[in-house]
Amino acid sequence: MTGATLQARPPAFLPNWPARLAWIALAIYTVYAASLLDVTWARFVLGLEQGARFISRMFPPDTAPDKLALLAKGLYETVEIAVIASILGILLSLPIGLLAARNLMPPWVTWPTRLFVVLCRSFHQVIIAILFVKAVGFGALAGILALTVASIGFVAKLFAEAIEEISMKQVEAIRATGAPFMNVITYGVMPQVLNRFVGFATYQFDSNLRNSTMVGIVGAGGIGGTMFAAFQKFDYDYLLTILLAIIALIMLSEVLQNWIKKIYR
Amino acid sequence: MVAAERATGAVAIEVRGLCKEYKRGVPVLRDISIAFPDRGITAVIGPSGTGKSTLIRCINRLVEPTAGQVLFHGLDMVKLRGRALREARRRIGMVFQEYNLVERLSVMENVLSGRLGYVSPLKAWLRRYPPADIDAAWELLDTVGLTAFANQRADALSGGQRQRVGIARAVMQHPALLLADEPTSSLDPKTSVEIMELMTALADSRRIPVILNIHNVPLARRFATHVIGMAGGHVVYDGTPEGLTDDHLKQIYGGEDWLE
């Protein structure tokens with residue numbers, strides 16, 4: 001244990017300077033960006049007061065029969081948009097995700113497919129919804145199309161990544177039996193990714209359910225339109241009714257998802 | 001330096017001038033020419049990284065050879081494309097070192113996947129196999145002793161049981177040739193012998209010639225009817241297991257301390 005032998009060894013853990021610098025830069029930027037927001041104590045106290053008044057005006061929730069009927073209609077349309085958009089989006093994502101998987105497809109197939117998927121994911125659902133409202137008019141159809149496109153953007157990417165992580169040994173074995181390509185997919189690939197696909201699909205359905213409450217704001221159908229109108233007319237008690245209904249809906253979907261995932265573990 | 005005894009009689013598959021380079025200028029197989037006998041078990045022995053797996057995978061084209069011919073019942077496997085390649089592969093069963101079962105499918109589904117070269121995608125997906133295939137699968141499961149596990153998922157099985165399923169899947173193809181890539185390397189010594197006995201018995205009763213990669217020399221000597229020794233991408237021995245001397249083994253594996 002002389003000094004010479006100690007010096008001869010390199011350090012056991014090398015410092016990662018690029019990562020350290022990146023973290024420091026991020027911390028500096030966060031402090032700088034926060035300083036631009038002009039948050040003061042006075043403003044915070046005022047905000048608390050206004051928040052309290054807003055919440056007090058929400059109680060009790062409005063349960064007038066005509067309002068409830070309007071709510072039911074909006075919710076029904078919201079669920080309709082979410083279900084149809086999820087099913088369409090997921091079905092389209094299956095082949096698109098497969099075409100984007102770099103371990104099964106050549107680059108000249110995966111690159112255009114990946115570009116398409118990135119395009120689908122580039123814009124927020126509400127922006128896509130505005131485009132479809134312009135294209136097909138107000139109503140649920142615009143919402144369905146917007147959320148279908150958005151679903152492809154996420155689910156196809158996740159499907160492709162799941163396929164890229166499979167064990168090629170199982171694929172190799174099926175290929176060695178002389179199986180045609182589609183049999184390699186249904187036996188070598190699908191069993192390996194099915195439970196993850198179900199996870200992504202239910203997650204996207206959950207996401208679509210929440211997003212379909214939003215697209216109504218730009219006229220693409222669902223409860224969002226009603227909610228936005230209640231907000232603008234200062235109908236805060238009705239707004240609370242709508243919010244509670246949305247929370248119940250999301251909870252219901254959570255229960256449903258857990259149940260589905262349990263089946264496809 | 002190839003041993004004098006050459007296989008006489010019929011040939012299951014013949015490799016001529018086979019070369020493989022994964023990286024340009026770094027050959028793994030250097031001009032391999034072997035005629036594999038069409039009966040019994042041919043063991044390919046040699047140290048790790050000498051191209052045994054590559055040789056076996058070049059036969060059914062899971063690996064693309066760089067040059068050479070693989071002659072199988074009058075066809076050059078190397079030239080086949082698309083459907084013709086798949087039809088040739090259907091007649092070559094393969095058993096893998098790590099079993100390569102589809103983990104999330106049942107034992108029965110794994111055995112029946114040996115028929116995927118014959119069953120259309122829709123029927124395969126709906127599990128509508130011809131009744132004759134299903135009968136054959138039950139019969140094979142009886143033979144390998146896994147009837148009670150038919151509906152269990154493959155990932156619930158032990159290593160030895162998995163390899164039995166792997167063998168059943170390969171035999172389901174009614175192959176004219178069975179390839180086995182280190183089928184016992186992931187198994188304990190007792191299970192290794194059982195797996196070798198099972199493969200020998202099936203190959204015997206169904207008259208399927210077997211080409212087997214193995215680095216366990218005693219196991220090769222015990223079960224093989226023919227031995228190919230490889231070193232450095234060359235064939236250095238081609239003859240009977242009895243003819244394999246310590247000098248040959250020294251040449252194949254290098255050194256001699258391990259022979260004690």
# chains A, B, ... in the order shown; residues from 1 in each chain; ligands from 1

$ residues_around --residues "stretch 137-151 of chain A" --least-positions-apart "2" --cutoff "7 Å" --atoms "only C-alpha atoms" --output "PyMOL selection string"
chain A and resi 77+81+84-86+88-89+120-121+125+128-129+132-135+153-155+204+208+212+215+219-222

$ interface_residues --of "chain A" --to "chain B" --cutoff "7 Å" --atoms "only C-alpha atoms" --output "number ranges by chain"
A: 169-170, 173, 176-180, 182-183, 186, 188, 191-192

$ select_by_dssp --residues "stretch 45-155 of chain B" --states "strand (DSSP E or B)" --output "list in words"
Ile45, Ala67, Gly68, Gln69, Val70, Leu71, Phe72, Leu75, Asp76, Ile92, Gly93, Met94, Val95, Ser106 and Arg153 of chain B

$ write_last_selection --atoms "C-alpha atoms" --output "mmCIF file, in the first residue's frame"
data_model
loop_
_atom_site.group_PDB
_atom_site.id
_atom_site.type_symbol
_atom_site.label_atom_id
_atom_site.label_comp_id
_atom_site.auth_asym_id
_atom_site.auth_seq_id
_atom_site.Cartn_x
_atom_site.Cartn_y
_atom_site.Cartn_z
ATOM 1 C CA ILE B 45 -17.194 -29.845 -31.879
ATOM 2 C CA ALA B 67 -19.840 -17.355 -50.289
ATOM 3 C CA GLY B 68 -20.286 -21.041 -51.030
ATOM 4 C CA GLN B 69 -23.057 -23.567 -51.543
ATOM 5 C CA VAL B 70 -25.371 -25.502 -49.227
ATOM 6 C CA LEU B 71 -26.802 -28.419 -51.202
ATOM 7 C CA PHE B 72 -29.986 -29.884 -49.733
ATOM 8 C CA LEU B 75 -31.319 -27.389 -54.033
ATOM 9 C CA ASP B 76 -28.681 -24.783 -53.283
ATOM 10 C CA ILE B 92 -35.271 -28.506 -41.636
ATOM 11 C CA GLY B 93 -36.103 -28.578 -37.927
ATOM 12 C CA MET B 94 -34.031 -26.579 -35.479
ATOM 13 C CA VAL B 95 -33.373 -26.892 -31.745
ATOM 14 C CA SER B 106 -48.825 -22.579 -24.218
ATOM 15 C CA ARG B 153 -47.424 -21.386 -20.620
#
